[in-house]
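Chemist: Enclosed is the structure file data-v4.txt (compact mmCIF, N, CA and C atoms).
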# COMPACT_ATOMS: atom_id res chain seq x y z
N MET A 7 -3.38 18.22 -9.59
CA MET A 7 -4.69 18.72 -9.91
C MET A 7 -5.42 19.02 -8.60
N SER A 8 -5.83 20.21 -8.40
CA SER A 8 -6.51 20.57 -7.17
C SER A 8 -8.01 20.35 -7.32
N ALA A 9 -8.62 19.99 -6.22
CA ALA A 9 -10.06 19.74 -6.22
C ALA A 9 -10.78 21.05 -5.93
N GLY A 10 -11.33 21.64 -6.97
CA GLY A 10 -12.05 22.89 -6.83
C GLY A 10 -13.51 22.66 -6.54
N VAL A 11 -14.23 23.74 -6.53
CA VAL A 11 -15.66 23.68 -6.23
C VAL A 11 -16.40 22.92 -7.33
N LYS A 12 -16.01 23.11 -8.58
CA LYS A 12 -16.67 22.42 -9.68
C LYS A 12 -16.48 20.91 -9.58
N THR A 13 -15.32 20.49 -9.14
CA THR A 13 -15.06 19.06 -8.98
C THR A 13 -15.93 18.48 -7.87
N ILE A 14 -16.05 19.18 -6.78
CA ILE A 14 -16.86 18.70 -5.67
C ILE A 14 -18.33 18.67 -6.06
N VAL A 15 -18.80 19.65 -6.80
CA VAL A 15 -20.19 19.67 -7.26
C VAL A 15 -20.44 18.51 -8.23
N ALA A 16 -19.51 18.26 -9.14
CA ALA A 16 -19.67 17.14 -10.08
C ALA A 16 -19.68 15.80 -9.35
N LEU A 17 -18.83 15.65 -8.36
CA LEU A 17 -18.81 14.41 -7.59
C LEU A 17 -20.09 14.23 -6.78
N SER A 18 -20.63 15.32 -6.25
CA SER A 18 -21.88 15.21 -5.48
C SER A 18 -23.06 14.87 -6.39
N VAL A 19 -23.05 15.37 -7.62
CA VAL A 19 -24.10 15.02 -8.58
C VAL A 19 -24.01 13.53 -8.94
N CYS A 20 -22.80 13.03 -9.14
CA CYS A 20 -22.63 11.60 -9.43
C CYS A 20 -23.06 10.74 -8.26
N LEU A 21 -22.74 11.16 -7.05
CA LEU A 21 -23.14 10.42 -5.86
C LEU A 21 -24.66 10.41 -5.71
N ALA A 22 -25.29 11.55 -5.94
CA ALA A 22 -26.75 11.63 -5.84
C ALA A 22 -27.41 10.78 -6.93
N ALA A 23 -26.83 10.78 -8.13
CA ALA A 23 -27.39 9.94 -9.20
C ALA A 23 -27.27 8.46 -8.87
N GLY A 24 -26.17 8.07 -8.25
CA GLY A 24 -26.00 6.68 -7.84
C GLY A 24 -27.02 6.26 -6.80
N PHE A 25 -27.23 7.09 -5.80
CA PHE A 25 -28.23 6.77 -4.79
C PHE A 25 -29.63 6.79 -5.39
N LEU A 26 -29.89 7.72 -6.31
CA LEU A 26 -31.19 7.78 -6.96
C LEU A 26 -31.47 6.51 -7.75
N LEU A 27 -30.48 6.02 -8.49
CA LEU A 27 -30.67 4.78 -9.23
C LEU A 27 -30.93 3.61 -8.29
N SER A 28 -30.24 3.57 -7.18
CA SER A 28 -30.44 2.48 -6.22
C SER A 28 -31.83 2.52 -5.60
N ILE A 29 -32.28 3.71 -5.23
CA ILE A 29 -33.61 3.84 -4.64
C ILE A 29 -34.70 3.58 -5.68
N LEU A 30 -34.49 4.06 -6.91
CA LEU A 30 -35.47 3.81 -7.96
C LEU A 30 -35.54 2.35 -8.36
N SER A 31 -34.43 1.63 -8.24
CA SER A 31 -34.48 0.20 -8.55
C SER A 31 -35.38 -0.53 -7.56
N CYS A 32 -35.54 0.03 -6.39
CA CYS A 32 -36.47 -0.55 -5.41
C CYS A 32 -37.90 -0.06 -5.64
N ALA A 33 -38.06 1.25 -5.79
CA ALA A 33 -39.39 1.85 -5.82
C ALA A 33 -40.15 1.53 -7.11
N LEU A 34 -39.48 1.52 -8.24
CA LEU A 34 -40.18 1.31 -9.50
C LEU A 34 -40.71 -0.10 -9.67
N TYR A 35 -40.04 -1.06 -9.08
CA TYR A 35 -40.42 -2.45 -9.28
C TYR A 35 -41.05 -3.08 -8.05
N GLY A 36 -41.31 -2.29 -7.01
CA GLY A 36 -42.05 -2.75 -5.85
C GLY A 36 -41.35 -3.82 -5.03
N ASN A 37 -40.04 -3.87 -5.08
CA ASN A 37 -39.29 -4.86 -4.33
C ASN A 37 -38.12 -4.15 -3.67
N TRP A 38 -38.05 -4.23 -2.36
CA TRP A 38 -37.08 -3.44 -1.62
C TRP A 38 -35.81 -4.20 -1.27
N TRP A 39 -35.60 -5.38 -1.83
CA TRP A 39 -34.38 -6.14 -1.59
C TRP A 39 -33.12 -5.44 -2.10
N PRO A 40 -33.16 -4.72 -3.22
CA PRO A 40 -31.93 -4.03 -3.66
C PRO A 40 -31.47 -2.93 -2.71
N LEU A 41 -32.29 -2.57 -1.76
CA LEU A 41 -31.89 -1.54 -0.79
C LEU A 41 -30.77 -2.04 0.12
N LEU A 42 -30.57 -3.35 0.20
CA LEU A 42 -29.45 -3.89 0.98
C LEU A 42 -28.11 -3.41 0.44
N VAL A 43 -28.06 -3.11 -0.85
CA VAL A 43 -26.82 -2.65 -1.48
C VAL A 43 -26.42 -1.29 -0.93
N VAL A 44 -27.40 -0.47 -0.59
CA VAL A 44 -27.11 0.87 -0.08
C VAL A 44 -26.34 0.78 1.24
N PHE A 45 -26.60 -0.24 2.04
CA PHE A 45 -25.87 -0.39 3.30
C PHE A 45 -24.40 -0.70 3.05
N THR A 46 -24.11 -1.41 1.98
CA THR A 46 -22.70 -1.67 1.67
C THR A 46 -21.99 -0.41 1.19
N TYR A 47 -22.75 0.55 0.61
CA TYR A 47 -22.14 1.82 0.23
C TYR A 47 -21.59 2.54 1.46
N ALA A 48 -22.36 2.49 2.54
CA ALA A 48 -21.94 3.19 3.75
C ALA A 48 -20.83 2.44 4.49
N LEU A 49 -20.83 1.13 4.39
CA LEU A 49 -19.85 0.33 5.13
C LEU A 49 -18.53 0.16 4.38
N ALA A 50 -18.52 0.28 3.07
CA ALA A 50 -17.32 -0.02 2.28
C ALA A 50 -16.11 0.87 2.62
N PRO A 51 -16.25 2.19 2.79
CA PRO A 51 -15.06 2.98 3.09
C PRO A 51 -14.58 2.90 4.54
N LEU A 52 -15.38 2.35 5.43
CA LEU A 52 -15.02 2.35 6.84
C LEU A 52 -13.77 1.54 7.17
N PRO A 53 -13.56 0.33 6.63
CA PRO A 53 -12.33 -0.38 6.99
C PRO A 53 -11.06 0.36 6.57
N ASN A 54 -11.08 1.00 5.40
CA ASN A 54 -9.90 1.78 5.00
C ASN A 54 -9.71 2.99 5.89
N ALA A 55 -10.80 3.60 6.33
CA ALA A 55 -10.68 4.75 7.22
C ALA A 55 -10.17 4.34 8.60
N ILE A 56 -10.60 3.19 9.06
CA ILE A 56 -10.19 2.73 10.40
C ILE A 56 -8.76 2.19 10.38
N PHE A 57 -8.47 1.31 9.42
CA PHE A 57 -7.17 0.64 9.40
C PHE A 57 -6.13 1.38 8.56
N GLY A 58 -6.51 2.47 7.91
CA GLY A 58 -5.59 3.19 7.06
C GLY A 58 -4.47 3.90 7.79
N ARG A 59 -4.66 4.17 9.05
CA ARG A 59 -3.62 4.87 9.81
C ARG A 59 -2.43 3.98 10.14
N TYR A 60 -2.56 2.68 9.90
CA TYR A 60 -1.47 1.76 10.20
C TYR A 60 -0.51 1.57 9.03
N VAL A 61 -0.70 2.35 7.97
CA VAL A 61 0.19 2.28 6.81
C VAL A 61 1.44 3.09 7.11
N SER A 62 2.58 2.59 6.68
CA SER A 62 3.84 3.27 6.91
C SER A 62 3.89 4.56 6.11
N SER A 63 4.39 5.62 6.72
CA SER A 63 4.48 6.90 6.02
C SER A 63 5.75 7.00 5.17
N ASP A 64 6.67 6.07 5.31
CA ASP A 64 7.91 6.07 4.54
C ASP A 64 7.66 5.40 3.19
N PRO A 65 7.76 6.15 2.08
CA PRO A 65 7.48 5.54 0.77
C PRO A 65 8.52 4.52 0.33
N LEU A 66 9.71 4.56 0.93
CA LEU A 66 10.76 3.61 0.55
C LEU A 66 10.75 2.34 1.40
N ALA A 67 9.89 2.32 2.41
CA ALA A 67 9.82 1.14 3.26
C ALA A 67 9.14 0.00 2.50
N ASP A 68 9.72 -1.17 2.60
CA ASP A 68 9.17 -2.33 1.91
C ASP A 68 8.34 -3.19 2.87
N VAL A 69 7.96 -2.63 3.97
CA VAL A 69 7.21 -3.36 4.98
C VAL A 69 5.71 -3.07 4.78
N SER A 70 4.92 -4.11 4.72
CA SER A 70 3.49 -3.96 4.59
C SER A 70 2.83 -4.30 5.92
N SER A 71 1.92 -3.49 6.34
CA SER A 71 1.23 -3.72 7.60
C SER A 71 0.10 -4.70 7.37
N SER A 72 0.04 -5.73 8.17
CA SER A 72 -1.01 -6.73 8.03
C SER A 72 -2.37 -6.16 8.43
N VAL A 73 -2.38 -5.19 9.32
CA VAL A 73 -3.64 -4.56 9.72
C VAL A 73 -4.21 -3.74 8.57
N ALA A 74 -3.37 -3.00 7.87
CA ALA A 74 -3.83 -2.22 6.72
C ALA A 74 -4.27 -3.14 5.59
N ASP A 75 -3.56 -4.24 5.39
CA ASP A 75 -3.96 -5.21 4.37
C ASP A 75 -5.31 -5.83 4.71
N PHE A 76 -5.55 -6.09 5.98
CA PHE A 76 -6.84 -6.63 6.40
C PHE A 76 -7.96 -5.62 6.12
N GLY A 77 -7.70 -4.34 6.36
CA GLY A 77 -8.68 -3.30 6.05
C GLY A 77 -9.00 -3.24 4.57
N ARG A 78 -7.98 -3.35 3.73
CA ARG A 78 -8.21 -3.37 2.29
C ARG A 78 -8.99 -4.62 1.87
N PHE A 79 -8.70 -5.74 2.51
CA PHE A 79 -9.40 -6.99 2.21
C PHE A 79 -10.88 -6.89 2.56
N VAL A 80 -11.21 -6.35 3.72
CA VAL A 80 -12.60 -6.20 4.12
C VAL A 80 -13.32 -5.20 3.21
N THR A 81 -12.63 -4.14 2.81
CA THR A 81 -13.22 -3.19 1.87
C THR A 81 -13.53 -3.85 0.54
N SER A 82 -12.61 -4.67 0.05
CA SER A 82 -12.86 -5.35 -1.23
C SER A 82 -14.01 -6.33 -1.12
N ILE A 83 -14.16 -6.99 0.03
CA ILE A 83 -15.30 -7.89 0.22
C ILE A 83 -16.61 -7.11 0.15
N LEU A 84 -16.66 -5.94 0.78
CA LEU A 84 -17.88 -5.13 0.78
C LEU A 84 -18.19 -4.59 -0.61
N VAL A 85 -17.18 -4.18 -1.36
CA VAL A 85 -17.41 -3.65 -2.70
C VAL A 85 -17.91 -4.76 -3.63
N VAL A 86 -17.28 -5.92 -3.57
CA VAL A 86 -17.70 -7.03 -4.44
C VAL A 86 -19.10 -7.50 -4.05
N SER A 87 -19.40 -7.55 -2.77
CA SER A 87 -20.75 -7.96 -2.38
C SER A 87 -21.78 -6.92 -2.75
N GLY A 88 -21.41 -5.65 -2.71
CA GLY A 88 -22.34 -4.59 -3.12
C GLY A 88 -22.65 -4.64 -4.60
N LEU A 89 -21.68 -5.03 -5.41
CA LEU A 89 -21.92 -5.14 -6.85
C LEU A 89 -22.50 -6.51 -7.23
N GLY A 90 -22.22 -7.53 -6.46
CA GLY A 90 -22.68 -8.87 -6.80
C GLY A 90 -24.03 -9.25 -6.24
N LEU A 91 -24.45 -8.60 -5.16
CA LEU A 91 -25.74 -8.93 -4.55
C LEU A 91 -26.92 -8.73 -5.50
N PRO A 92 -27.00 -7.64 -6.25
CA PRO A 92 -28.12 -7.52 -7.19
C PRO A 92 -28.11 -8.60 -8.28
N VAL A 93 -26.93 -9.02 -8.69
CA VAL A 93 -26.83 -10.07 -9.70
C VAL A 93 -27.37 -11.39 -9.15
N VAL A 94 -27.01 -11.70 -7.91
CA VAL A 94 -27.51 -12.93 -7.28
C VAL A 94 -29.02 -12.86 -7.07
N LEU A 95 -29.52 -11.70 -6.65
CA LEU A 95 -30.96 -11.55 -6.46
C LEU A 95 -31.72 -11.67 -7.77
N ALA A 96 -31.17 -11.14 -8.85
CA ALA A 96 -31.83 -11.26 -10.15
C ALA A 96 -31.76 -12.69 -10.67
N HIS A 97 -30.66 -13.36 -10.43
CA HIS A 97 -30.52 -14.74 -10.88
C HIS A 97 -31.49 -15.67 -10.17
N SER A 98 -31.76 -15.39 -8.90
CA SER A 98 -32.69 -16.23 -8.15
C SER A 98 -34.14 -15.84 -8.36
N GLY A 99 -34.39 -14.77 -9.12
CA GLY A 99 -35.76 -14.37 -9.44
C GLY A 99 -36.41 -13.48 -8.40
N ILE A 100 -35.67 -12.99 -7.45
CA ILE A 100 -36.24 -12.13 -6.41
C ILE A 100 -36.48 -10.73 -6.95
N ILE A 101 -35.57 -10.21 -7.77
CA ILE A 101 -35.76 -8.90 -8.40
C ILE A 101 -35.70 -9.07 -9.91
N THR A 102 -36.16 -8.06 -10.62
CA THR A 102 -36.14 -8.12 -12.09
C THR A 102 -34.76 -7.74 -12.61
N ASN A 103 -34.53 -8.04 -13.88
CA ASN A 103 -33.25 -7.69 -14.49
C ASN A 103 -33.07 -6.18 -14.61
N ALA A 104 -34.15 -5.45 -14.82
CA ALA A 104 -34.06 -3.99 -14.89
C ALA A 104 -33.66 -3.40 -13.53
N ALA A 105 -34.23 -3.95 -12.46
CA ALA A 105 -33.85 -3.49 -11.12
C ALA A 105 -32.39 -3.82 -10.83
N MET A 106 -31.94 -4.98 -11.30
CA MET A 106 -30.54 -5.35 -11.12
C MET A 106 -29.63 -4.38 -11.85
N THR A 107 -29.99 -4.05 -13.09
CA THR A 107 -29.17 -3.13 -13.88
C THR A 107 -29.09 -1.76 -13.22
N MET A 108 -30.22 -1.27 -12.76
CA MET A 108 -30.23 0.04 -12.11
C MET A 108 -29.41 0.03 -10.81
N SER A 109 -29.52 -1.05 -10.06
CA SER A 109 -28.79 -1.14 -8.80
C SER A 109 -27.29 -1.25 -9.03
N VAL A 110 -26.88 -2.04 -10.03
CA VAL A 110 -25.45 -2.17 -10.32
C VAL A 110 -24.88 -0.85 -10.86
N MET A 111 -25.61 -0.18 -11.73
CA MET A 111 -25.14 1.11 -12.25
C MET A 111 -25.06 2.15 -11.13
N GLY A 112 -26.02 2.14 -10.21
CA GLY A 112 -25.95 3.03 -9.06
C GLY A 112 -24.74 2.72 -8.19
N GLY A 113 -24.45 1.43 -8.01
CA GLY A 113 -23.28 1.03 -7.24
C GLY A 113 -21.98 1.48 -7.88
N ILE A 114 -21.89 1.34 -9.20
CA ILE A 114 -20.69 1.79 -9.91
C ILE A 114 -20.51 3.29 -9.75
N LEU A 115 -21.60 4.05 -9.84
CA LEU A 115 -21.50 5.51 -9.66
C LEU A 115 -21.06 5.86 -8.24
N VAL A 116 -21.64 5.21 -7.25
CA VAL A 116 -21.29 5.53 -5.86
C VAL A 116 -19.85 5.14 -5.56
N TYR A 117 -19.46 3.92 -5.91
CA TYR A 117 -18.09 3.48 -5.62
C TYR A 117 -17.07 4.30 -6.43
N GLY A 118 -17.40 4.62 -7.67
CA GLY A 118 -16.51 5.47 -8.47
C GLY A 118 -16.34 6.85 -7.87
N THR A 119 -17.42 7.41 -7.35
CA THR A 119 -17.35 8.71 -6.71
C THR A 119 -16.47 8.67 -5.46
N ILE A 120 -16.60 7.60 -4.67
CA ILE A 120 -15.78 7.47 -3.47
C ILE A 120 -14.31 7.36 -3.83
N ILE A 121 -14.00 6.58 -4.86
CA ILE A 121 -12.61 6.40 -5.28
C ILE A 121 -12.02 7.70 -5.79
N VAL A 122 -12.76 8.42 -6.65
CA VAL A 122 -12.25 9.67 -7.21
C VAL A 122 -12.08 10.72 -6.10
N TYR A 123 -13.04 10.80 -5.20
CA TYR A 123 -12.96 11.77 -4.11
C TYR A 123 -11.74 11.50 -3.23
N SER A 124 -11.55 10.24 -2.86
CA SER A 124 -10.41 9.94 -1.98
C SER A 124 -9.08 10.14 -2.70
N SER A 125 -9.01 9.85 -3.99
CA SER A 125 -7.75 10.06 -4.70
C SER A 125 -7.46 11.54 -4.90
N LEU A 126 -8.48 12.35 -5.13
CA LEU A 126 -8.26 13.78 -5.29
C LEU A 126 -7.73 14.41 -4.01
N PHE A 127 -8.34 14.08 -2.90
CA PHE A 127 -7.94 14.72 -1.65
C PHE A 127 -6.70 14.09 -1.04
N ARG A 128 -6.38 12.87 -1.40
CA ARG A 128 -5.11 12.30 -0.96
C ARG A 128 -3.96 12.97 -1.70
N ALA A 129 -4.14 13.20 -3.01
CA ALA A 129 -3.11 13.87 -3.79
C ALA A 129 -2.93 15.32 -3.34
N GLN A 130 -4.02 15.97 -2.97
CA GLN A 130 -3.94 17.35 -2.53
C GLN A 130 -3.26 17.45 -1.16
N SER A 131 -3.49 16.49 -0.27
CA SER A 131 -2.87 16.57 1.05
C SER A 131 -1.39 16.20 0.99
N GLN A 132 -0.95 15.44 -0.01
CA GLN A 132 0.47 15.08 -0.14
C GLN A 132 1.29 16.21 -0.74
N ASP A 133 0.65 17.20 -1.33
CA ASP A 133 1.38 18.32 -1.91
C ASP A 133 2.04 19.19 -0.84
N PHE A 134 1.49 19.17 0.37
CA PHE A 134 2.01 20.04 1.42
C PHE A 134 3.12 19.41 2.17
In structure tokens, write the structure found in this file.

Modeler:
Amino acid sequence: MSAGVKTIVALSVCLAAGFLLSILSCALYGNWWPLLVVFTYALAPLPNAIFGRYVSSDPLADVSSSVADFGRFVTSILVVSGLGLPVVLAHSGIITNAAMTMSVMGGILVYGTIIVYSSLFRAQSQDF
């Protein structure tokens, strides 16, 4: 499946909606603590981008690179903290439950967009 212009436009709309929900979860309820989640959006793909080049290009190789595994581990920590931080803030009473819901839904949209984008373009680059 090739990533056409319509796919890129749809992904950009989903990404914008995710950021909009995250910003609105702060602005509507007058508490800017959920904005910390936005920083994890920017940091989450970086470990895979940095450590991803250490993955073996041979698909039949049974060797796993510890550096690439560490990059995946740090990425998973950032994703889980990005989705869990609003829950912890709501549980402690710092933000409202509505702000938590908006922030988590925005996080799901942003992380989902990143995953779909990277899988589309990885599949397209392997075709050549």

Chemist: Write out as a PyMOL selection string all residues of segment 21-107 of chain A that DSSP puts in alpha helix (DSSP H) for this structure's backbone.

Modeler: chain A and resi 21-33+42-49+52-57+72-97+103-107

Chemist: If you count all atoms listed in the file, which residues fall within 6.5 Å of segment 98-111 of chain A, apart from same-chain ones fewer than 2 positions away, as JSON, numbers by chain?

Modeler: {"A": [24, 27, 28, 31, 32, 89, 92, 93, 94, 95, 96, 113, 114, 115, 116]}

Chemist: When you draw a straight line from atom CA of Ser87 of chain A to atom CA of Trp39 of chain A, how long is it in Å?

Modeler: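 Distance between the two atoms: 13.8 Å.
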
Chemist: Set the distance at 8 Å and use only C-alpha atoms: which residues neighbour Tyr47 of chain A once local chain neighbours fewer than 4 positions away are removed? I'd like the list as a PyMOL selection string.

Modeler: chain A and resi 43+51+85+88+113+116-117

Chemist: For a test of reading the model, state the distance in Å between atom CA of Ser18 of chain A and atom C of Gly36 of chain A, rounded to one decimal.

Modeler: 27.2 Å

Chemist: Find the distance between atom CA of Phe45 of chain A and atom CA of Leu84 of chain A and write it in Å to one decimal.

Modeler: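 For atom CA of Phe45 of chain A relative to atom CA of Leu84 of chain A, the distance reads 9.6 Å.
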
Chemist: Measuring between only N, CA and C atoms, which one of A:Leu126, A:Val86, A:Leu42, A:Ile120 shows the shortest distance to Leu21 of chain A?

Modeler: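 Using only N, CA and C atoms, Leu21 of chain A sits closest to A:Ile120.
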
Chemist: Quick one: residues within 12 Å of Phe76 of chain A, only C-alpha atoms counted, chain neighbours fewer than 2 positions away excluded, as a ChimeraX atom specification?

Modeler: /A:53-54,56-58,60-61,70-74,78-83

Chemist: Find the residue from A:Asn37, A:Gly77, A:Gly10, A:Ala23 that sits nearest to Ala55 of chain A; use only N, CA and C atoms when measuring.

Modeler: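 Of A:Asn37, A:Gly77, A:Gly10, A:Ala23, the one nearest Ala55 of chain A, counting only N, CA and C atoms, is A:Gly77.
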